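Here's start01.txt, which has compact mmCIF, C-alpha atoms:
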```
# COMPACT_ATOMS: atom_id res chain seq x y z
CA MET A 213 0.00 0.00 0.00
CA VAL A 214 1.03 3.58 -0.68
CA LYS A 215 -0.11 6.28 1.72
CA GLY A 216 -1.62 9.13 -0.24
CA LYS A 217 -3.35 12.35 0.71
CA ILE A 218 -6.45 13.98 -0.69
CA TRP A 219 -8.23 17.27 -0.12
CA THR A 220 -11.94 16.63 0.20
CA LEU A 221 -14.80 19.10 0.14
CA LYS A 222 -15.90 19.07 3.79
CA THR A 223 -18.83 21.47 3.36
CA MET A 224 -20.41 23.07 0.31
CA PHE A 225 -19.32 26.65 -0.36
CA ASP A 226 -21.62 29.32 1.00
CA GLY A 227 -20.38 32.76 0.07
CA LYS A 228 -16.63 33.33 0.27
CA VAL A 229 -14.51 30.18 0.14
CA GLN A 230 -12.95 29.34 3.53
CA THR A 231 -10.20 26.92 4.52
CA SER A 232 -12.82 25.27 6.74
CA ASN A 233 -14.60 24.10 3.56
CA PHE A 234 -11.81 21.57 3.03
CA GLU A 235 -10.41 18.58 4.87
CA LEU A 236 -7.06 16.90 4.31
CA VAL A 237 -7.32 13.14 4.73
CA GLU A 238 -5.04 10.19 4.16
CA GLU A 239 -5.95 7.27 1.94
CA GLU A 240 -4.27 3.97 1.24
CA VAL A 241 -3.70 3.32 -2.42
CA SER A 242 -2.95 -0.22 -3.51
CA ASP A 243 0.32 -0.82 -5.32
CA LYS A 244 -0.64 -4.39 -6.17
CA LEU A 245 -1.49 -3.81 -9.77
CA LYS A 246 -3.57 -5.81 -12.20
CA ASP A 247 -2.78 -6.00 -15.88
CA GLY A 248 -3.31 -2.61 -17.53
CA GLU A 249 -3.21 -0.64 -14.28
CA PHE A 250 -0.66 1.96 -13.21
CA LEU A 251 0.00 4.15 -10.17
CA THR A 252 0.82 7.85 -10.38
CA GLU A 253 2.31 10.43 -8.02
CA ALA A 254 1.38 14.06 -8.65
CA LEU A 255 3.96 16.69 -9.57
CA HIS A 256 1.76 19.73 -10.26
CA TRP A 257 -1.87 20.65 -9.64
CA THR A 258 -4.01 23.43 -11.05
CA VAL A 259 -6.50 25.58 -9.19
CA ASP A 260 -9.16 27.29 -11.30
CA PRO A 261 -12.27 29.40 -10.66
CA TYR A 262 -14.64 26.80 -12.14
CA MET A 263 -13.90 24.59 -9.12
CA ARG A 264 -15.96 27.03 -7.05
CA SER A 265 -19.17 26.61 -9.04
CA SER A 266 -21.79 24.08 -7.98
CA GLU A 267 -23.19 24.35 -11.51
CA THR A 268 -20.46 22.00 -12.75
CA GLY A 269 -21.89 19.07 -10.78
CA LEU A 270 -18.37 18.17 -9.70
CA LEU A 271 -18.65 19.25 -6.06
CA VAL A 272 -19.73 16.51 -3.65
CA PRO A 273 -19.21 16.86 0.13
CA GLY A 274 -16.86 14.18 1.40
CA GLN A 275 -15.37 13.59 -2.04
CA CYS A 276 -12.06 14.70 -3.53
CA MET A 277 -11.95 18.22 -4.94
CA PRO A 278 -11.93 18.11 -8.76
CA GLY A 279 -9.15 19.27 -11.01
CA GLU A 280 -6.33 18.36 -13.35
CA GLN A 281 -2.81 17.39 -12.37
CA ILE A 282 0.47 16.45 -13.97
CA SER A 283 1.78 13.23 -12.48
CA LYS A 284 4.53 10.65 -12.91
CA VAL A 285 3.92 6.92 -13.24
CA ILE A 286 5.68 5.21 -10.30
CA ALA A 287 4.42 1.64 -10.79
CA SER A 288 2.88 0.07 -13.85
CA LYS A 289 1.47 -2.99 -15.55
CA SER A 290 0.37 -0.91 -18.50
CA PRO A 291 2.51 -1.12 -21.62
CA SER A 292 1.21 2.27 -22.78
CA HIS A 293 2.12 3.97 -19.46
CA PRO A 294 5.54 2.65 -18.33
CA VAL A 295 7.23 3.70 -15.10
CA GLY A 296 8.72 7.15 -15.45
CA SER A 297 6.23 8.41 -18.01
CA VAL A 298 4.34 11.62 -17.31
CA VAL A 299 0.59 12.04 -17.76
CA ARG A 300 -2.06 14.75 -17.48
CA ALA A 301 -5.20 13.57 -15.74
CA PHE A 302 -8.37 14.84 -14.11
CA SER A 303 -7.46 13.10 -10.84
CA GLY A 304 -8.35 15.95 -8.51
CA TRP A 305 -6.65 17.24 -5.40
CA ARG A 306 -4.82 14.02 -4.51
CA THR A 307 -1.19 12.93 -4.33
CA HIS A 308 -1.49 9.35 -5.61
CA THR A 309 -3.89 7.77 -8.07
CA LEU A 310 -4.45 4.15 -9.06
CA VAL A 311 -5.56 4.14 -12.68
CA SER A 312 -7.46 1.10 -13.93
CA ASN A 313 -7.27 -0.23 -17.46
CA GLU A 314 -10.68 1.31 -18.22
CA GLN A 315 -9.74 4.69 -16.71
CA ALA A 316 -6.48 4.75 -18.67
CA GLN A 317 -8.46 5.48 -21.81
CA GLY A 318 -9.35 8.89 -20.37
CA ILE A 319 -5.84 9.84 -19.31
CA GLY A 320 -4.74 12.86 -21.29
CA ARG A 321 -1.51 12.94 -23.20
CA ILE A 322 1.09 15.58 -22.46
CA PRO A 323 1.45 17.93 -25.45
CA GLU A 324 4.86 18.25 -27.07
CA MET A 325 6.61 20.50 -24.55
CA SER A 326 10.16 20.64 -25.94
CA ASP A 327 12.13 22.46 -23.21
CA LEU A 328 9.08 24.23 -21.72
CA PRO A 329 8.16 23.65 -18.04
CA LEU A 330 5.82 20.70 -17.46
CA SER A 331 3.48 22.92 -15.46
CA LEU A 332 2.55 24.72 -18.70
CA ALA A 333 0.54 21.61 -19.63
CA LEU A 334 -1.93 22.83 -16.98
CA GLY A 335 -1.77 26.44 -18.16
CA THR A 336 -0.78 27.97 -21.47
CA MET A 337 -0.46 24.53 -23.07
CA GLY A 338 -3.45 23.08 -21.24
CA MET A 339 -7.06 23.86 -20.42
CA THR A 340 -6.28 27.51 -19.69
CA GLY A 341 -4.56 28.08 -23.01
CA MET A 342 -7.26 26.23 -24.92
CA THR A 343 -9.92 28.33 -23.18
CA ALA A 344 -8.22 31.47 -24.44
CA TYR A 345 -7.45 30.10 -27.89
CA PHE A 346 -10.80 28.58 -28.82
CA GLY A 347 -13.03 30.75 -26.63
CA PHE A 348 -11.69 33.89 -28.24
CA LEU A 349 -10.97 32.86 -31.82
CA GLU A 350 -14.06 30.72 -32.36
CA LEU A 351 -16.62 32.97 -30.68
CA CYS A 352 -15.26 36.49 -31.18
CA GLN A 353 -13.98 35.82 -34.70
CA PRO A 354 -11.49 38.72 -34.49
CA LYS A 355 -10.46 40.58 -37.62
CA GLU A 356 -7.39 42.74 -38.15
CA GLY A 357 -8.13 46.25 -36.90
CA ASP A 358 -10.82 45.17 -34.44
CA THR A 359 -10.88 46.71 -30.97
CA VAL A 360 -10.98 44.04 -28.25
CA LEU A 361 -11.87 44.39 -24.56
CA VAL A 362 -10.59 41.84 -22.03
CA ASN A 363 -11.47 42.05 -18.34
CA GLY A 364 -9.65 40.02 -15.72
CA ALA A 365 -6.81 40.57 -18.16
CA ALA A 366 -3.94 39.71 -15.80
CA GLY A 367 -5.42 36.31 -15.04
CA ALA A 368 -4.46 33.00 -16.59
CA VAL A 369 -6.94 33.20 -19.46
CA GLY A 370 -7.27 36.95 -19.94
CA SER A 371 -3.54 37.54 -20.33
CA LEU A 372 -3.43 34.99 -23.14
CA VAL A 373 -6.55 36.32 -24.88
CA GLY A 374 -5.02 39.79 -25.05
CA GLN A 375 -1.82 38.47 -26.61
CA ILE A 376 -3.71 36.33 -29.12
CA ALA A 377 -5.73 39.40 -30.10
CA LYS A 378 -2.49 41.33 -30.71
CA ILE A 379 -1.17 38.48 -32.87
CA LYS A 380 -4.36 38.81 -34.93
CA GLY A 381 -3.74 42.52 -35.48
CA CYS A 382 -6.28 43.92 -33.01
CA LYS A 383 -6.19 46.89 -30.69
CA VAL A 384 -6.47 45.46 -27.17
CA VAL A 385 -7.85 47.12 -24.05
CA GLY A 386 -7.42 45.31 -20.74
CA CYS A 387 -8.11 45.96 -17.09
CA ALA A 388 -6.85 44.53 -13.83
CA GLY A 389 -7.15 45.24 -10.12
CA THR A 390 -3.63 46.48 -9.25
CA ASP A 391 -1.15 48.88 -10.79
CA ASP A 392 1.50 46.15 -10.92
CA LYS A 393 -0.80 43.93 -12.94
CA CYS A 394 -1.57 46.82 -15.29
CA LYS A 395 2.16 47.39 -15.75
CA TRP A 396 2.58 43.73 -16.70
CA LEU A 397 -0.23 44.00 -19.24
CA LYS A 398 1.59 46.86 -20.94
CA GLU A 399 4.70 44.66 -21.06
CA LEU A 400 2.61 42.01 -22.81
CA GLY A 401 1.66 44.50 -25.50
CA PHE A 402 -1.84 45.60 -24.45
CA ASP A 403 -2.56 48.96 -26.09
CA GLU A 404 -4.66 50.45 -23.29
CA VAL A 405 -4.89 49.30 -19.68
CA PHE A 406 -6.54 50.62 -16.54
CA ASN A 407 -6.98 49.69 -12.91
CA TYR A 408 -10.74 49.21 -12.66
CA LYS A 409 -10.63 49.93 -8.92
CA LYS A 410 -9.43 53.49 -9.54
CA VAL A 411 -11.69 54.68 -12.37
CA ASP A 412 -15.26 55.21 -13.39
CA LEU A 413 -15.69 52.15 -15.59
CA SER A 414 -17.86 53.71 -18.25
CA GLU A 415 -15.57 56.73 -18.59
CA ALA A 416 -12.48 54.49 -18.78
CA LEU A 417 -14.02 52.36 -21.52
CA LYS A 418 -15.04 55.44 -23.49
CA ALA A 419 -11.55 56.93 -23.19
CA ALA A 420 -9.87 53.67 -24.26
CA ALA A 421 -12.16 53.06 -27.24
CA PRO A 422 -14.19 56.16 -28.24
CA ASP A 423 -15.78 54.29 -31.14
CA GLY A 424 -16.60 51.21 -29.07
CA PHE A 425 -15.52 47.57 -29.05
CA ASP A 426 -15.85 44.92 -31.73
CA CYS A 427 -15.07 42.05 -29.37
CA PHE A 428 -15.42 41.56 -25.62
CA PHE A 429 -13.96 38.57 -23.77
CA ASP A 430 -15.69 38.48 -20.40
CA ASN A 431 -14.13 36.81 -17.35
CA ILE A 432 -15.84 38.93 -14.68
CA GLY A 433 -19.60 39.22 -15.28
CA ALA A 434 -22.25 41.19 -13.37
CA ASP A 435 -22.01 45.01 -13.37
CA PHE A 436 -18.84 45.06 -15.48
CA THR A 437 -20.56 43.14 -18.24
CA ALA A 438 -23.69 45.30 -18.08
CA THR A 439 -21.55 48.42 -18.49
CA ALA A 440 -19.30 46.99 -21.21
CA LEU A 441 -22.26 46.01 -23.38
CA LYS A 442 -23.17 49.70 -23.65
CA HIS A 443 -19.78 50.30 -25.31
CA MET A 444 -20.05 47.58 -27.95
CA LYS A 445 -20.24 48.45 -31.63
CA GLN A 446 -23.03 47.27 -33.87
CA PHE A 447 -22.66 43.54 -34.58
CA GLY A 448 -20.14 43.15 -31.74
CA ARG A 449 -19.19 39.68 -30.51
CA VAL A 450 -19.09 38.77 -26.82
CA SER A 451 -17.51 35.59 -25.44
CA ILE A 452 -18.68 34.76 -21.90
CA CYS A 453 -15.87 32.78 -20.27
CA GLY A 454 -16.36 33.32 -16.53
CA GLN A 455 -18.21 35.17 -13.80
CA MET A 456 -15.40 35.73 -11.33
CA SER A 457 -17.14 38.64 -9.62
CA VAL A 458 -20.10 36.54 -8.49
CA TYR A 459 -18.72 33.07 -7.70
CA ASN A 460 -18.46 33.91 -4.00
CA ASN A 461 -21.86 35.63 -3.79
CA LYS A 462 -24.61 33.93 -1.81
CA GLU A 463 -27.16 35.40 -4.21
CA LEU A 464 -26.88 36.29 -7.88
CA PRO A 465 -26.53 40.05 -8.46
CA ARG A 466 -29.32 42.10 -9.95
CA ALA A 467 -27.50 43.52 -12.93
CA GLU A 468 -29.09 45.74 -15.54
CA TYR A 469 -31.44 44.10 -18.04
CA PRO A 470 -29.17 43.46 -21.07
CA PHE A 471 -31.46 42.26 -23.82
CA MET A 472 -32.52 45.62 -25.23
CA LEU A 473 -28.84 46.46 -25.72
CA ILE A 474 -28.17 43.08 -27.29
CA LEU A 475 -31.12 43.58 -29.61
CA GLY A 476 -30.41 47.21 -30.46
CA LYS A 477 -26.71 46.66 -31.14
CA GLN A 478 -27.38 43.28 -32.83
CA LEU A 479 -24.76 41.64 -30.61
CA LYS A 480 -23.71 38.03 -30.66
CA VAL A 481 -23.30 36.89 -27.03
CA GLU A 482 -22.28 33.31 -26.32
CA GLY A 483 -21.11 31.40 -23.26
CA PHE A 484 -18.93 28.33 -23.56
CA ASN A 485 -17.28 25.36 -21.93
CA VAL A 486 -13.86 24.71 -23.44
CA MET A 487 -14.46 20.95 -23.52
CA ARG A 488 -16.65 21.44 -26.60
CA TRP A 489 -13.38 21.81 -28.54
CA TYR A 490 -11.53 18.96 -26.79
CA PRO A 491 -11.14 16.95 -30.03
CA ARG A 492 -9.22 19.94 -31.44
CA TRP A 493 -6.96 20.63 -28.46
CA ALA A 494 -3.90 19.22 -30.24
CA GLU A 495 -4.39 21.90 -32.88
CA GLY A 496 -4.48 24.68 -30.29
CA GLU A 497 -1.56 23.27 -28.30
CA LYS A 498 0.62 23.17 -31.40
CA VAL A 499 -0.14 26.79 -32.27
CA MET A 500 0.38 28.01 -28.69
CA ALA A 501 3.73 26.20 -28.48
CA GLN A 502 4.86 27.84 -31.71
CA TRP A 503 3.80 31.30 -30.50
CA ILE A 504 5.71 30.78 -27.24
CA LYS A 505 8.85 29.77 -29.13
CA GLU A 506 8.49 32.81 -31.40
CA GLY A 507 8.17 35.10 -28.39
CA LYS A 508 4.64 36.14 -29.37
CA ILE A 509 3.09 34.62 -26.23
CA LYS A 510 4.54 35.31 -22.80
CA TYR A 511 3.28 33.62 -19.67
CA LYS A 512 3.54 34.01 -15.94
CA GLU A 513 2.85 31.45 -13.24
CA THR A 514 2.02 32.10 -9.60
CA ILE A 515 3.40 28.97 -7.99
CA THR A 516 2.44 27.75 -4.51
CA LYS A 517 4.77 25.16 -3.03
CA GLY A 518 3.32 22.16 -1.24
CA PHE A 519 0.18 20.06 -1.55
CA ARG A 520 -0.87 21.14 1.95
CA ASN A 521 -1.37 24.67 0.61
CA MET A 522 -3.93 23.77 -2.09
CA PRO A 523 -6.86 25.52 -0.34
CA ASN A 524 -4.91 28.75 0.16
CA ALA A 525 -3.86 28.80 -3.49
CA PHE A 526 -7.49 28.27 -4.52
CA ILE A 527 -8.84 30.97 -2.19
CA GLY A 528 -6.22 33.36 -3.53
CA LEU A 529 -7.83 33.22 -6.97
CA PHE A 530 -10.86 35.10 -5.68
CA ASP A 531 -8.71 37.68 -3.87
CA GLY A 532 -6.68 38.48 -6.97
CA ALA A 533 -3.52 36.97 -5.48
CA ASN A 534 -2.35 35.41 -8.73
CA THR A 535 -0.87 36.98 -11.83
CA GLY A 536 -1.16 34.61 -14.76
CA LYS A 537 -1.75 30.92 -14.00
CA ALA A 538 -2.02 29.63 -10.44
CA ILE A 539 -0.16 26.35 -9.99
CA VAL A 540 0.56 24.20 -6.93
CA THR A 541 3.69 22.10 -7.07
CA ALA A 542 4.71 19.16 -4.90
```

Show me, as structure tokens, the structure contained in the file I just sent.
Amino acid sequence: MVKGKIWTLKTMFDGKVQTSNFELVEEEVSDKLKDGEFLTEALHWTVDPYMRSSETGLLVPGQCMPGEQISKVIASKSPSHPVGSVVRAFSGWRTHTLVSNEQAQGIGRIPEMSDLPLSLALGTMGMTGMTAYFGFLELCQPKEGDTVLVNGAAGAVGSLVGQIAKIKGCKVVGCAGTDDKCKWLKELGFDEVFNYKKVDLSEALKAAAPDGFDCFFDNIGADFTATALKHMKQFGRVSICGQMSVYNNKELPRAEYPFMLILGKQLKVEGFNVMRWYPRWAEGEKVMAQWIKEGKIKYKETITKGFRNMPNAFIGLFDGANTGKAIVTA
């Protein structure tokens, strides 16, 4: 037996996420393998805002918190997953995982990383990068010369969306919640940036794009979205990626009624789950890797050391503690 550890959801979230919502427990994982089975030990874990939402159906009190990890095979009777190989799997917040022959079919491959850090397979080269790549390009359909608005722009997804928009020849406006984050956005090539905590939002949007926005990639939701819609051009495209501003709310906010604006401006507004493009992830991963190598995409990771600190890293997402992708490493 191997002694592993898992973070379980002790109580369902009610308002702001607390460390008391989680419980660290030990579990014994068998190392007596059957044919086709293999045992993994985690190297890196991701924490993401979607883990907060009960709408995913993934949150069950007493069960392991959901999420992807990068792990190394430490014992194996699977010819396709020999000892020493590295895999990407939706194994959750746990240190060790016994993978059956049937489960092995769902174990994700690691994209071609070359000399890039393995942790990028959970970020720029993983679900985060694919969220930015497909969620922006497929739904916003940017054209050269378009003006693009990205909120939550210093986060894992937003920072990539802004850079992809620049690659496509767009003018990019981004906002973040600290001056340091805004400075980083300028370093990434954003044309206009502002600290949304220090401005009147409507005035800042008007100053950044007097003629309005062609595309809006929304990570925040609620009042920000209601205001931004007023600054869209006719036939603008809006990609709804997240609702960071309301995940910790006990009740949904009463934002302004948006449909008259959507109708009057003939907007296309669409929400998405990145898994709809999962069959095409290899395509996106290849392009993102090439852009990184060419220096067109820059990334930043906020790394928390130690599995014991998973809850704190997760809570930090909602306090704006991370710049770029939040990763926990063993």

Inset, instruction - Considering all atoms listed in the file, state which residue in the set A:Gly381, A:Gly454, A:Pro291, A:Pro278 is at the smallest distance from Trp305 (chain A). - result: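 Counting all atoms listed in the file, the residue closest to Trp305 (chain A) is A:Pro278.
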
Legend entry - Asp247 (chain A) environment, 12 Å, only C-alpha atoms, sequence neighbours closer than 2 positions dropped, as JSON, numbers by chain: {"A": [244, 245, 249, 250, 251, 287, 288, 289, 290, 291, 292, 293, 311, 312, 313, 314, 316]}

Inset, instruction - Quick one: residues within 12 Å of (-31.7, 46.0, -29.7) (file frame), counting only C-alpha atoms, please, as a PyMOL selection string. - result: chain A and resi 441-442+444-447+469-480

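Among the candidate residues A:Phe402, A:Tyr490, A:Phe346, A:Phe484, the one lying nearest to Ser371 (chain A) is A:Phe402, with distances computed using all atoms listed in the file.
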
Legend entry - Close residues, Tyr459 (chain A) itself excluded, 9 Å, all atoms listed in the file, min 6 positions apart in chain, as a ChimeraX atom specification: /A:227-228,261-262,264-265,530

Legend entry - Atomic distance CA of Gly216 (chain A) - CA of Leu332 (chain A), expressed in Å with one decimal: 24.5 Å

Legend entry - Shell around Tyr511 (chain A) at 12 Å using all atoms listed in the file, local window under 6 positions removed, as a PyMOL selection string: chain A and resi 328-329+331-332+335-337+340-341+366-375+396-397+399-400+500-501+503-505+535-538

Legend entry - Between CA of Val384 (chain A) and CA of Asn534 (chain A), distance in Å (one decimal):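 CA of Asn534 (chain A) lies 21.4 Å from CA of Val384 (chain A).
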
Inset, instruction - Could you please determine the separation between CA of Ile319 (chain A) and CA of Lys498 (chain A) in Å, to one decimal place? - result: 19.1 Å

Legend entry - Distance query 12 Å from (-8.1, 43.2, -29.2) using all atoms listed in the file, result as a PyMOL selection string: chain A and resi 348-349+352-363+365+370-386+401-405+420-421+424-429+449

Give the centre and edge lengths of an axis-aligned box, in Å to one decimal, that holds all listed atoms of region 476-483 of chain A with 5 Å on each side, as JSON.
```
{"center_x": -25.8, "center_y": 39.3, "center_z": -28.0, "size_x": 19.3, "size_y": 25.8, "size_z": 19.6}
```

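With only C-alpha atoms as the atoms that count, the minimum distance from Ala542 (chain A) to the choices A:Lys246, A:Lys222, A:Lys508, A:His308 is reached by A:His308.
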
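Restricting the calculation to all atoms listed in the file, the smallest distance between Gly338 (chain A) and any of A:Ile515, A:Leu529, A:Val486, A:Val214 is found for A:Val486.
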
Can you list, as a PDB file with C-alpha atoms, in the frame of the given file, every protein, DNA or RNA residue that comes within 7 Å of Gly320 (chain A) when you count only C-alpha atoms, leaving out same-chain residues fewer than 6 positions away?
```pdb
ATOM      1  CA  VAL A 299       0.590  12.040 -17.760  1.00  0.00           C
ATOM      2  CA  ARG A 300      -2.060  14.750 -17.480  1.00  0.00           C
ATOM      3  CA  ALA A 301      -5.200  13.570 -15.740  1.00  0.00           C
TER       4      ALA A 301
END
```

Legend entry - Selection near Thr307 (chain A), 6 Å with only C-alpha atoms, sequence-local residues under 4 positions removed, as a PyMOL selection string: chain A and resi 216-217+253-254

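Closest approach to Gly448 (chain A) among A:Ile432, A:Leu351, A:Val411, A:Gln502: A:Leu351, based on only C-alpha atoms.
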
Legend entry - Residue among A:Gln230, A:Asp391, A:Pro273, A:Ser297 lying closest to Thr252 (chain A), counting all atoms listed in the file: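 Of A:Gln230, A:Asp391, A:Pro273, A:Ser297, the one nearest Thr252 (chain A), counting all atoms listed in the file, is A:Ser297.
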